[in-house]
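Enquirer: File entry_0.csv follows (CSV, C-alpha atoms):
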```csv
chain,number,residue,atom,x,y,z
A,390,MET,CA,-7.7,15.1,-0.3
A,391,SER,CA,-11.4,14.4,0.2
A,392,LYS,CA,-12.9,13.5,3.5
A,393,ILE,CA,-13.6,10.0,2.3
A,394,GLU,CA,-10.0,9.5,1.4
A,395,ARG,CA,-8.8,11.0,4.7
A,396,LEU,CA,-11.0,8.6,6.7
A,397,ASN,CA,-10.1,5.7,4.6
A,398,ARG,CA,-6.4,6.4,5.3
A,399,MET,CA,-7.1,6.9,8.9
A,400,ARG,CA,-8.8,3.4,9.1
A,401,ARG,CA,-5.8,1.9,7.3
A,402,ASN,CA,-3.3,3.5,9.6
A,403,ILE,CA,-5.3,2.3,12.7
A,404,LEU,CA,-5.4,-1.2,11.4
A,405,LEU,CA,-1.8,-1.1,10.5
A,406,GLY,CA,-0.9,0.0,14.0
A,407,VAL,CA,-3.0,-2.8,15.5
A,408,LEU,CA,-1.2,-5.3,13.2
A,409,VAL,CA,2.3,-4.1,14.0
A,410,GLY,CA,1.6,-3.9,17.8
A,411,THR,CA,-0.1,-7.4,17.8
A,412,GLY,CA,2.7,-8.8,15.6
A,413,ILE,CA,5.4,-7.6,18.1
A,414,ALA,CA,3.4,-8.9,21.0
A,415,PHE,CA,3.0,-12.3,19.3
A,416,VAL,CA,6.7,-12.6,18.4
A,417,LEU,CA,7.5,-11.8,22.1
A,418,LEU,CA,4.9,-14.4,23.3
A,419,ILE,CA,6.3,-17.3,21.2
A,420,SER,CA,10.0,-16.4,21.3
A,421,PRO,CA,10.7,-18.3,24.6
A,422,SER,CA,9.8,-21.5,22.7
A,423,PHE,CA,12.6,-20.9,20.2
A,424,ILE,CA,15.4,-19.3,22.3
A,425,PRO,CA,17.7,-22.2,23.3
A,426,SER,CA,18.6,-20.9,26.7
A,427,SER,CA,15.0,-20.4,27.7
A,428,ARG,CA,13.5,-23.5,26.1
A,429,HIS,CA,13.9,-25.7,29.1
A,430,ARG,CA,12.6,-23.0,31.4
A,431,TRP,CA,9.2,-22.6,29.9
A,432,GLY,CA,6.7,-23.4,32.6
A,433,VAL,CA,9.5,-24.3,35.1
A,434,SER,CA,11.7,-21.4,35.8
A,435,LEU,CA,9.2,-18.6,35.4
A,436,ARG,CA,11.4,-15.5,35.5
A,437,TRP,CA,12.3,-15.4,31.7
A,438,THR,CA,9.0,-16.7,30.5
A,439,HIS,CA,7.1,-14.2,32.7
A,440,PHE,CA,9.2,-11.4,31.2
A,441,PHE,CA,8.2,-12.5,27.7
A,442,PHE,CA,4.6,-13.2,28.6
A,443,TYR,CA,3.8,-10.1,30.5
A,444,GLY,CA,5.9,-8.0,28.1
A,445,ALA,CA,3.8,-9.3,25.2
A,446,LEU,CA,0.5,-8.7,27.1
A,447,LEU,CA,1.6,-5.2,28.1
A,448,ILE,CA,2.6,-4.3,24.5
A,449,TRP,CA,-0.7,-5.7,23.2
A,450,LEU,CA,-2.9,-4.0,25.7
A,451,LEU,CA,-1.1,-0.7,25.1
A,452,THR,CA,-1.5,-1.1,21.4
A,453,LEU,CA,-5.2,-1.9,21.8
A,454,LEU,CA,-5.7,1.0,24.2
A,455,VAL,CA,-4.0,3.6,21.8
A,456,PHE,CA,-5.8,2.3,18.7
A,457,ILE,CA,-9.2,2.0,20.4
A,458,VAL,CA,-9.0,5.7,21.3
A,459,LEU,CA,-8.0,6.5,17.7
A,460,TYR,CA,-10.8,4.2,16.4
A,461,MET,CA,-13.3,6.1,18.6
A,462,LEU,CA,-12.1,9.3,17.1
A,463,TYR,CA,-12.5,7.8,13.6
A,464,LYS,CA,-16.1,6.6,14.5
A,465,LYS,CA,-17.0,10.0,15.9
A,466,LYS,CA,-15.9,11.7,12.6
A,467,LEU,CA,-18.0,9.1,10.7
A,468,LYS,CA,-21.1,9.7,12.9
A,469,LYS,CA,-21.1,13.4,12.1
A,470,ASP,CA,-21.9,12.6,8.5
A,471,PRO,CA,-23.9,9.5,7.6
A,472,THR,CA,-23.0,9.7,3.9
A,473,LEU,CA,-19.4,9.5,4.8
A,474,GLN,CA,-20.1,6.3,6.8
A,475,ILE,CA,-21.7,4.8,3.7
A,476,ALA,CA,-18.8,5.9,1.5
A,477,VAL,CA,-16.0,4.7,3.7
A,478,ASN,CA,-17.8,1.3,4.1
A,479,ASP,CA,-18.8,0.9,0.5
A,480,GLU,CA,-19.7,-2.4,-1.1
A,481,ARG,CA,-16.2,-3.5,-1.8
A,482,VAL,CA,-15.0,-2.7,1.7
A,483,ARG,CA,-17.9,-4.7,3.2
A,484,VAL,CA,-17.1,-7.7,1.0
A,485,ASN,CA,-13.4,-7.3,2.0
A,486,TRP,CA,-14.3,-7.6,5.7
A,487,LEU,CA,-16.3,-10.8,4.9
A,488,ARG,CA,-13.3,-12.2,3.0
A,489,ALA,CA,-11.0,-11.3,5.9
A,490,TYR,CA,-13.3,-13.1,8.4
A,491,ARG,CA,-13.4,-16.1,6.1
A,492,PHE,CA,-9.6,-16.2,5.8
A,493,ALA,CA,-9.3,-15.9,9.6
A,494,PHE,CA,-11.8,-18.7,10.0
A,495,TYR,CA,-9.6,-21.0,7.9
A,496,THR,CA,-6.5,-19.8,9.6
A,497,LEU,CA,-7.9,-20.6,13.0
A,498,ILE,CA,-8.8,-24.1,11.9
A,499,VAL,CA,-5.2,-24.6,10.7
A,500,ILE,CA,-3.8,-23.2,13.9
A,501,THR,CA,-6.0,-25.4,16.0
A,502,ILE,CA,-5.1,-28.5,14.0
A,503,PHE,CA,-1.4,-27.6,14.2
A,504,TRP,CA,-1.6,-27.0,17.9
A,505,LYS,CA,-3.6,-30.3,18.6
A,506,LEU,CA,-1.0,-32.2,16.5
A,507,ALA,CA,1.8,-30.5,18.5
A,508,GLU,CA,0.1,-31.5,21.7
A,509,THR,CA,-0.5,-35.1,20.7
A,510,VAL,CA,1.3,-36.7,17.7
A,511,PHE,CA,4.4,-34.5,17.8
A,512,ALA,CA,4.5,-34.0,21.5
A,513,ARG,CA,7.5,-36.3,22.0
A,514,ALA,CA,9.5,-34.9,19.1
A,515,LEU,CA,8.9,-31.3,20.3
A,516,LEU,CA,9.9,-32.3,23.9
A,517,GLU,CA,13.2,-33.7,22.6
A,518,LEU,CA,13.8,-30.5,20.7
A,519,LYS,CA,12.8,-28.6,23.9
A,520,VAL,CA,10.3,-26.6,21.9
A,521,ILE,CA,7.1,-26.0,23.9
A,522,LEU,CA,4.5,-23.9,22.3
A,523,PRO,CA,2.5,-21.3,24.2
A,524,ASP,CA,-1.1,-22.1,25.3
A,525,GLY,CA,-3.6,-22.8,22.5
A,526,PRO,CA,-6.0,-20.0,23.4
A,527,TRP,CA,-3.2,-17.4,23.1
A,528,LEU,CA,-2.3,-18.7,19.7
A,529,VAL,CA,-5.9,-18.7,18.6
A,530,LEU,CA,-6.5,-15.1,20.0
A,531,PHE,CA,-3.4,-13.7,18.3
A,532,GLY,CA,-3.9,-15.7,15.2
A,533,ALA,CA,-7.5,-14.4,14.9
A,534,VAL,CA,-6.5,-10.7,15.2
A,535,LEU,CA,-3.4,-11.0,13.0
A,536,SER,CA,-5.2,-12.9,10.3
A,537,VAL,CA,-8.3,-10.7,10.1
A,538,VAL,CA,-6.4,-7.4,10.2
A,539,SER,CA,-3.7,-8.5,7.8
A,540,SER,CA,-6.0,-10.1,5.3
A,541,PHE,CA,-8.4,-7.0,5.3
A,542,LEU,CA,-5.4,-4.7,4.7
A,543,TYR,CA,-4.3,-7.0,1.9
A,544,TYR,CA,-7.7,-7.1,0.2
A,545,ASN,CA,-8.2,-3.4,0.7
A,546,ARG,CA,-4.8,-2.5,-0.6
A,547,GLU,CA,-4.1,0.1,-3.2
A,548,LEU,CA,-3.5,-1.2,-6.7
A,549,LYS,CA,-0.1,-0.2,-8.2
A,550,ASP,CA,-0.2,1.9,-11.3
A,551,GLU,CA,0.2,-0.1,-14.5
B,1169,MET,CA,-20.2,-21.8,-18.4
B,1170,ASN,CA,-20.5,-18.0,-18.8
B,1171,ASP,CA,-17.1,-16.5,-19.3
B,1172,GLU,CA,-18.2,-13.0,-20.2
B,1173,ILE,CA,-16.8,-10.3,-18.0
B,1174,LEU,CA,-17.9,-6.8,-17.3
B,1175,ARG,CA,-15.7,-4.2,-18.9
B,1176,ASN,CA,-16.0,-0.4,-18.7
B,1177,ASN,CA,-15.1,2.9,-20.4
B,1178,MET,CA,-14.7,4.7,-17.1
B,1179,LYS,CA,-11.2,5.9,-17.8
B,1180,VAL,CA,-12.2,7.5,-21.1
B,1181,LEU,CA,-15.4,9.0,-19.6
B,1182,ARG,CA,-13.5,10.3,-16.7
B,1183,ALA,CA,-11.0,12.0,-19.0
B,1184,LYS,CA,-13.8,13.5,-21.1
B,1185,ASN,CA,-15.5,14.8,-18.0
B,1186,ASN,CA,-12.2,16.0,-16.5
B,1187,LEU,CA,-12.7,14.0,-13.3
B,1188,THR,CA,-10.1,12.4,-11.1
B,1189,GLN,CA,-10.8,9.0,-9.5
B,1190,GLU,CA,-11.1,10.8,-6.1
B,1191,GLN,CA,-13.7,13.2,-7.5
B,1192,LEU,CA,-15.7,10.4,-9.0
B,1193,ALA,CA,-15.5,8.5,-5.8
B,1194,GLU,CA,-16.9,11.4,-3.9
B,1195,LEU,CA,-19.7,11.9,-6.3
B,1196,VAL,CA,-20.9,8.2,-6.1
B,1197,LYS,CA,-20.0,7.9,-2.4
B,1198,VAL,CA,-17.4,5.2,-2.4
B,1199,THR,CA,-13.7,5.1,-1.7
B,1200,ARG,CA,-11.2,6.0,-4.4
B,1201,THR,CA,-9.7,2.5,-4.2
B,1202,THR,CA,-13.1,1.1,-5.2
B,1203,ILE,CA,-13.2,3.3,-8.3
B,1204,ASN,CA,-9.7,2.2,-9.1
B,1205,PHE,CA,-10.6,-1.5,-8.8
B,1206,VAL,CA,-13.8,-1.0,-10.9
B,1207,GLU,CA,-11.9,0.9,-13.5
B,1208,ARG,CA,-9.4,-1.8,-13.9
B,1209,GLY,CA,-12.0,-4.5,-14.0
B,1210,LYS,CA,-10.7,-6.0,-10.7
B,1211,TRP,CA,-14.1,-5.5,-9.0
B,1212,VAL,CA,-17.5,-6.0,-10.5
B,1213,PRO,CA,-19.6,-3.2,-9.1
B,1214,SER,CA,-23.2,-3.7,-8.0
B,1215,ALA,CA,-26.0,-2.6,-10.3
B,1216,VAL,CA,-26.6,0.4,-8.0
B,1217,LEU,CA,-23.0,1.6,-8.2
B,1218,ALA,CA,-22.7,1.0,-11.9
B,1219,ILE,CA,-25.9,3.0,-12.6
B,1220,LYS,CA,-24.7,5.8,-10.3
B,1221,ILE,CA,-21.4,5.9,-12.2
B,1222,ALA,CA,-23.2,6.1,-15.6
B,1223,ARG,CA,-25.4,8.8,-14.2
B,1224,VAL,CA,-22.4,10.9,-13.2
B,1225,PHE,CA,-21.1,10.7,-16.8
B,1226,LYS,CA,-24.6,11.4,-18.1
B,1227,VAL,CA,-24.4,8.4,-20.5
B,1228,PRO,CA,-26.5,5.3,-20.9
B,1229,PHE,CA,-25.5,2.4,-18.8
B,1230,GLU,CA,-24.3,0.4,-21.8
B,1231,GLU,CA,-21.9,3.2,-22.8
B,1232,ALA,CA,-20.2,3.1,-19.5
B,1233,PHE,CA,-20.3,-0.7,-18.9
B,1234,TYR,CA,-20.4,-3.6,-21.4
B,1235,LEU,CA,-19.8,-7.4,-21.5
B,1236,GLU,CA,-16.9,-8.8,-23.2
```
Turn the structure described in the file into structure tokens.
Expert:
Amino acid sequence: MSKIERLNRMRRNILLGVLVGTGIAFVLLISPSFIPSSRHRWGVSLRWTHFFFYGALLIWLLTLLVFIVLYMLYKKKLKKDPTLQIAVNDERVRVNWLRAYRFAFYTLIVITIFWKLAETVFARALLELKVILPDGPWLVLFGAVLSVVSSFLYYNRELKDE
Amino acid sequence: MNDEILRNNMKVLRAKNNLTQEQLAELVKVTRTTINFVERGKWVPSAVLAIKIARVFKVPFEEAFYLE
């Protein structure tokens, strides 16, 4: 396997790791809103929600820490050979990053609209259902990371053999 | 509206030159996935990349790429 391919795979694995770690943390973060026994406790009895919240943060920070180290190793390998850097970030990859950022931009608009509606128009209905969503900034932060990484991985996927 | 699309003979030329996608990718300094996308017509390469690919095969540009 060529060096370009090895580094390309390394980047994909790093991003996949970030996606999985962030996904797990996100599910943990929003789960108190949908678990019946803990719904009414959100923001009142803090023990359960704290467990979910800090658990999510811990998993996310650990994920970022591990994959930032791996990313630095990846960058170090790229810096050794400038032609490798150009090859791994070729024209299609650069466009894929831009497409991923554009997708994330639209996703964040949708999340923000959804969250604002939940906070205003559907606030009463959600309260009756005892569903209370986490703070908007957390949704935006996780939504941004998840949408950028997942869409980049999708655009940069391998094509199946015909 | 211009509905012409860029096609290529890369698969044939690669076979003639006994090159794998990975080897071609290394020669033109892109990822193998990009070569795969170009070969299947899923990605329209830049003029620079298309010329580089034609040069590797030592054929005129029009022989490697054409409009259909």
Enquirer: Rank nothing, just name the residue among A:Glu508, A:Glu517, A:Asp524, A:Glu394 nearest to chain B, using all atoms listed in the file.
Expert: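 Of all the options, A:Glu394 lies closest to chain B.
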Enquirer: Specify as an MDAnalysis selection string all residues of chain B found within 10 Å of chain A, counting only C-alpha atoms.
Expert: chainID B and resid 1190:1191 1193:1206 1208 1210:1214 1217
Enquirer: Go ahead and find all residues with at least one atom no further than 8 Å from (4.6, -23.1, 25.0) in the file's coordinates, using only C-alpha atoms; report them as a PyMOL selection string.
Expert: chain A and resi 419+421-422+431-432+520-524
Enquirer: Report, in Å to a single decimal, how far apart CA of Phe456 in chain A and CA of Val407 in chain A are.
Expert: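 About the pair CA of Val407 in chain A and CA of Phe456 in chain A: they are 6.6 Å apart.
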Enquirer: Distance CA of Tyr544 in chain A-CA of Arg400 in chain A, one decimal place?
Expert: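 Distance between the two atoms: 13.8 Å.
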Enquirer: Which residues are close to range 1219-1222 of chain B, i.e. within 9 Å by all atoms listed in the file, leaving aside same-chain residues fewer than 6 positions away? Reply as a list in words.
Expert: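 Contacts, in chain order: Met1178, Leu1192, Leu1195, Val1196, Pro1228, Phe1229, Glu1230, Glu1231, Ala1232 and Phe1233 of chain B.
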